[in-house]
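Participant: The structure's right below; bear with me while I get my questions together.
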Amino acid sequence: MIRVENLHKHFGGFHAVDGASLEIRAGTITGLIGPNGAGKTTLFNVIAGRLSPTSGRVTMAGEDITGLPPHALFGKGLLRTFQIAHEFGSMSVRENLMMVPPGQAGETLWNAWFARSRIAREEEALLRKADEVLDFLTISHLKDEKAGNLSGGQKKLLELGRTMMVDARIVFLDEVGAGVNRTLLNTIGDAIVRLNRERGYTFCVIEHDMDFIKRLCDPVIVMAEGRVLAEGSADQIMADERVIEAYLGT
Ligand code: ADP
């Protein structure tokens with residue numbers, strides 16, 4: 001679904017991504033791991049249109065999407081989850097889901113004016129869809145809670161929920177497990193697997209928790225120093241001397 005060819009992203013003289021080439025195959029939950037500073041987040045930002053690459057190419061199902069802005073990618077079903085913006089913390093969980101403009105631009109259009117007009121026009125349909133999403137994610141009981149009061153893991157579920165309000169094809173998830181307790185991490189993992197199996201989502205997941213990666217991801221791609229160091233099943237890469245060395249070297 002996604003092919004990255006010889007991608008470079010330089011910040012001044014620093015090569016954060018330094019000739020990375022990889023593929024994310026349709027239907028997979030692909031893990032992206034590597035020591036801190038390996039370039040994983042920068043790679044995500046380039047693929048998702050937040051940063052333009054210094055050089056290299058990104059294609060989606062054969063179409064060149066290099067350097068397209070987030071809203072254009074959003075329209076193609078390529079989504080990257082974002083933390084809930086501060087100003088939406090005082091809105092309810094359900095309202096946060098209803099703010100996602102179907103087929104429209106990402107963050108930049110999530111402003112109060114747009115939300116109000118959208119809600120006025122399509123409230124019924126959006127409400128139904130939001131309730132379905134909450135049910136799918138097993139967080140219906142939180143629908144009236146203020147998003148700002150959610151725990152870290154519950155916020156991650158809400159972020160995942162927002163991808164379900166539109167027709168996502170591939171979703172990029174950054175550090176799903178950071179600061180999330182084990183029970184919620186399992187709930188998030190289950191939601192990812194169900195979205196993958198039942199709705200055909202392809203995922204690319206950056207995560208440090210190897211248990212989580214092992215349970216969910218195949219293949220796992222390992223980055224180090226801005227490039228792909230290894231790729232294989234979780235067991236394969238965990239037994240790979242080069243991978244062990246890259247982690248020990250940091
Ligand atoms: P990872 O996600 O694998 O930990 P990052 O992509 O966040 O790695 O960072 C890779 C390297 O690029 C780091 O050394 C980081 O300090 C550097 N870097 C990231 N963004 C910038 C930026 N905007 N300006 C300068 N350096 C950056």
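Ordering of the structure tokens sets the chain letters (A, B, ...), residue numbers begin anew at 1 in every chain, and ligands are numbered from 1 in the order given.
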If you run DSSP over the backbone, which residues in region 39-201 of chain A end up strand (DSSP E or B)? Put them as a PyMOL selection string.
Facilitator: chain A and resi 55-60+63-64+78-80+92+146+170-174
Participant: Return as JSON lines the residues of chain A lying at most 6 Å from ligand 1, together with the closest atom-to-atom pair for each and the distance in Å to one decimal, counting only C-alpha atoms and all ligand atoms, with rows in chain order and ascending residue number.
Facilitator:
{"residue": "A:Phe11", "atom": "CA", "partner": "ligand 1", "partner_atom_place_in_ligand_line": "25 (C)", "distance": 5.0}
{"residue": "A:Ala16", "atom": "CA", "partner": "ligand 1", "partner_atom_place_in_ligand_line": "12 (O)", "distance": 4.1}
{"residue": "A:Asn36", "atom": "CA", "partner": "ligand 1", "partner_atom_place_in_ligand_line": "4 (O)", "distance": 3.7}
{"residue": "A:Gly37", "atom": "CA", "partner": "ligand 1", "partner_atom_place_in_ligand_line": "8 (O)", "distance": 3.5}
{"residue": "A:Ala38", "atom": "CA", "partner": "ligand 1", "partner_atom_place_in_ligand_line": "3 (O)", "distance": 3.6}
{"residue": "A:Gly39", "atom": "CA", "partner": "ligand 1", "partner_atom_place_in_ligand_line": "6 (O)", "distance": 3.3}
{"residue": "A:Lys40", "atom": "CA", "partner": "ligand 1", "partner_atom_place_in_ligand_line": "3 (O)", "distance": 3.8}
{"residue": "A:Thr41", "atom": "CA", "partner": "ligand 1", "partner_atom_place_in_ligand_line": "2 (O)", "distance": 3.7}
{"residue": "A:Thr42", "atom": "CA", "partner": "ligand 1", "partner_atom_place_in_ligand_line": "6 (O)", "distance": 3.7}
Participant: I need the residue nearest Gly177 (chain A) from this list: A:Gln154, A:Asn196, A:Ser90, A:Ser140. Use only C-alpha atoms for the distance.
Facilitator: A:Gln154
Participant: When you look at region 236-239 of chain A with a cut-off of 10 Å (counting only C-alpha atoms), what residues show up, excluding the ones that are within fewer than 6 positions of it in the same chain? I need them as a ChimeraX atom specification.
Facilitator: /A:210,214,219-222,229-230
Participant: Quick one, how far is CA of Glu95 (chain A) from CA of Arg197 (chain A)?
Facilitator: 27.1 Å
Participant: Tell me, as a list of chain:residue names, which residues lie within 10 Å of Gly161 (chain A), counting only C-alpha atoms; anything in the same chain fewer than 5 positions away does not count.
Facilitator: A:Thr81, A:Val93, A:Arg94, A:Asn96, A:Leu97, A:Ala130, A:Glu132, A:Val133, A:Leu134, A:Phe136, A:Leu137, A:Ile139, A:Lys155, A:Lys156, A:Val166, A:Ala191
Participant: Could you save those same residues with C-alpha atoms as an mmCIF file, in the first residue's frame?
Facilitator:
data_model
loop_
_atom_site.group_PDB
_atom_site.id
_atom_site.type_symbol
_atom_site.label_atom_id
_atom_site.label_comp_id
_atom_site.auth_asym_id
_atom_site.auth_seq_id
_atom_site.Cartn_x
_atom_site.Cartn_y
_atom_site.Cartn_z
ATOM 1 C CA THR A 81 -3.569 10.009 14.677
ATOM 2 C CA VAL A 93 -15.872 12.383 23.924
ATOM 3 C CA ARG A 94 -18.826 12.068 21.564
ATOM 4 C CA ASN A 96 -14.841 15.105 19.681
ATOM 5 C CA LEU A 97 -15.763 12.257 17.362
ATOM 6 C CA ALA A 130 -20.163 8.345 16.831
ATOM 7 C CA GLU A 132 -21.318 3.059 16.751
ATOM 8 C CA VAL A 133 -17.653 3.959 17.070
ATOM 9 C CA LEU A 134 -17.891 4.268 20.858
ATOM 10 C CA PHE A 136 -16.941 -0.694 18.799
ATOM 11 C CA LEU A 137 -14.232 0.664 21.068
ATOM 12 C CA ILE A 139 -16.114 3.145 25.610
ATOM 13 C CA LYS A 155 -7.393 9.347 24.764
ATOM 14 C CA LYS A 156 -5.592 6.921 22.464
ATOM 15 C CA VAL A 166 -13.915 8.645 8.032
ATOM 16 C CA ALA A 191 -9.399 -2.452 18.660
#
Participant: Of the candidates A:Glu198, A:Glu207, A:Glu245, A:Asp144, which one gets nearest to Ala178 (chain A) if we count only C-alpha atoms?
Facilitator: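 Answer, going by the shortest atom-to-atom distance: A:Glu207.
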Participant: How many Å separate CA of Pro70 (chain A) from CA of Arg162 (chain A)?
Facilitator: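 Between these atoms lies a distance of 15.2 Å.
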Participant: Fewer than 2 positions away in the same chain doesn't count, so skip those; otherwise give me all residues within 8 Å of region 17-32 of chain A, counting only C-alpha atoms, as a PyMOL selection string.
Facilitator: chain A and resi 1-10+15+34+38-40+42-43+56+196+200-207+213+216-223+225-228
Participant: Residues of the last selection are to be written out with C-alpha atoms, as an mmCIF file, in the first residue's frame.
Facilitator:
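Everything below was put into result.cif:
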data_model
loop_
_atom_site.group_PDB
_atom_site.id
_atom_site.type_symbol
_atom_site.label_atom_id
_atom_site.label_comp_id
_atom_site.auth_asym_id
_atom_site.auth_seq_id
_atom_site.Cartn_x
_atom_site.Cartn_y
_atom_site.Cartn_z
ATOM 1 C CA MET A 1 0.000 0.000 0.000
ATOM 2 C CA ILE A 2 2.830 2.355 0.881
ATOM 3 C CA ARG A 3 6.285 2.283 -0.641
ATOM 4 C CA VAL A 4 9.056 4.536 0.615
ATOM 5 C CA GLU A 5 12.061 4.811 -1.674
ATOM 6 C CA ASN A 6 15.431 6.137 -0.594
ATOM 7 C CA LEU A 7 13.906 8.816 1.608
ATOM 8 C CA HIS A 8 16.047 11.546 3.135
ATOM 9 C CA LYS A 9 15.065 14.234 5.610
ATOM 10 C CA HIS A 10 17.865 16.519 6.691
ATOM 11 C CA HIS A 15 20.347 13.429 8.572
ATOM 12 C CA GLY A 34 14.247 1.296 16.722
ATOM 13 C CA ALA A 38 16.419 6.441 14.802
ATOM 14 C CA GLY A 39 14.204 8.690 12.674
ATOM 15 C CA LYS A 40 10.875 6.889 13.118
ATOM 16 C CA THR A 42 10.443 12.018 11.249
ATOM 17 C CA LEU A 43 9.666 9.254 8.731
ATOM 18 C CA GLY A 56 13.185 10.394 -2.085
ATOM 19 C CA ASN A 196 -7.567 -4.614 10.703
ATOM 20 C CA GLY A 200 -9.579 -3.905 6.354
ATOM 21 C CA TYR A 201 -7.441 -1.150 7.892
ATOM 22 C CA THR A 202 -3.722 -1.319 7.273
ATOM 23 C CA PHE A 203 -1.678 -0.030 10.206
ATOM 24 C CA CYS A 204 1.827 1.203 10.763
ATOM 25 C CA VAL A 205 2.603 1.429 14.448
ATOM 26 C CA ILE A 206 5.565 2.974 16.273
ATOM 27 C CA GLU A 207 5.790 1.385 19.678
ATOM 28 C CA ILE A 213 4.579 -5.321 19.025
ATOM 29 C CA LEU A 216 0.081 -7.327 16.999
ATOM 30 C CA CYS A 217 2.671 -6.712 14.368
ATOM 31 C CA ASP A 218 3.873 -8.699 11.418
ATOM 32 C CA PRO A 219 6.175 -7.674 9.909
ATOM 33 C CA VAL A 220 8.296 -5.534 12.191
ATOM 34 C CA ILE A 221 10.642 -3.005 10.584
ATOM 35 C CA VAL A 222 13.651 -1.865 12.578
ATOM 36 C CA MET A 223 15.150 1.566 11.957
ATOM 37 C CA GLU A 225 20.371 5.964 12.153
ATOM 38 C CA GLY A 226 17.742 7.032 9.654
ATOM 39 C CA ARG A 227 17.653 3.778 7.722
ATOM 40 C CA VAL A 228 16.008 0.386 7.784
#
Participant: So that I can check the surroundings of Ser151 (chain A), please list as a VMD selection string every protein, DNA and RNA residue that reaches within 12 Å of it, counting only C-alpha atoms and ignoring chain neighbours fewer than 2 positions away.
Facilitator: chain A and resid 84 89 142 145 to 149 153 to 158 178 to 181 184 to 185
Participant: Write out as JSON, numbers by chain all residues of region 22-203 of chain A that backbone DSSP assigns to helix (DSSP H, G or I).
Facilitator: {"A": [40, 41, 42, 43, 44, 45, 46, 47, 70, 71, 72, 73, 74, 75, 86, 87, 88, 93, 94, 95, 96, 97, 98, 107, 108, 109, 112, 113, 114, 115, 116, 117, 118, 119, 120, 121, 122, 123, 124, 125, 126, 127, 128, 129, 130, 131, 132, 133, 134, 135, 136, 140, 141, 142, 147, 148, 149, 152, 153, 154, 155, 156, 157, 158, 159, 160, 161, 162, 163, 164, 182, 183, 184, 185, 186, 187, 188, 189, 190, 191, 192, 193, 194, 195, 196, 197, 198, 199]}
Participant: A:Ala72, A:Ala234, A:Leu150, A:Leu51: which is nearest Phe88 (chain A), counting only C-alpha atoms?
Facilitator: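 Looking only at the distances to Phe88 (chain A), the closest residue turns out to be A:Leu150.
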Participant: Compare A:Leu248, A:Leu195, A:Val243, A:Met60 by their minimum atom-to-atom distance to Ala48 (chain A), counting only C-alpha atoms, and give me the closest one.
Facilitator: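 Of A:Leu248, A:Leu195, A:Val243, A:Met60, the one nearest Ala48 (chain A) is A:Met60, counting only C-alpha atoms.
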Participant: Rounded to one decimal, what separation in Å do you get between CA of Met98 (chain A) and CA of Leu79 (chain A)?
Facilitator: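 Separating CA of Met98 (chain A) from CA of Leu79 (chain A) is a distance of 16.6 Å.
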Participant: Near Leu68 (chain A), within 9 Å and counting only C-alpha atoms, which residues show up once chain neighbours fewer than 5 positions away are dropped, as a PDB file with C-alpha atoms, in the first residue's frame?
Facilitator:
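Writing the result to result_32.pdb gives the following:
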ATOM      1  CA  ILE A  47       4.811  10.086   4.917  1.00  0.00           C
ATOM      2  CA  ALA A  48       1.844  11.850   6.545  1.00  0.00           C
ATOM      3  CA  GLY A  49       2.624  15.175   4.869  1.00  0.00           C
ATOM      4  CA  ARG A  50       3.699  17.104   7.953  1.00  0.00           C
ATOM      5  CA  SER A  52       8.496  17.557   3.118  1.00  0.00           C
ATOM      6  CA  LEU A  73      -3.688  12.431   2.153  1.00  0.00           C
TER       7      LEU A  73
END
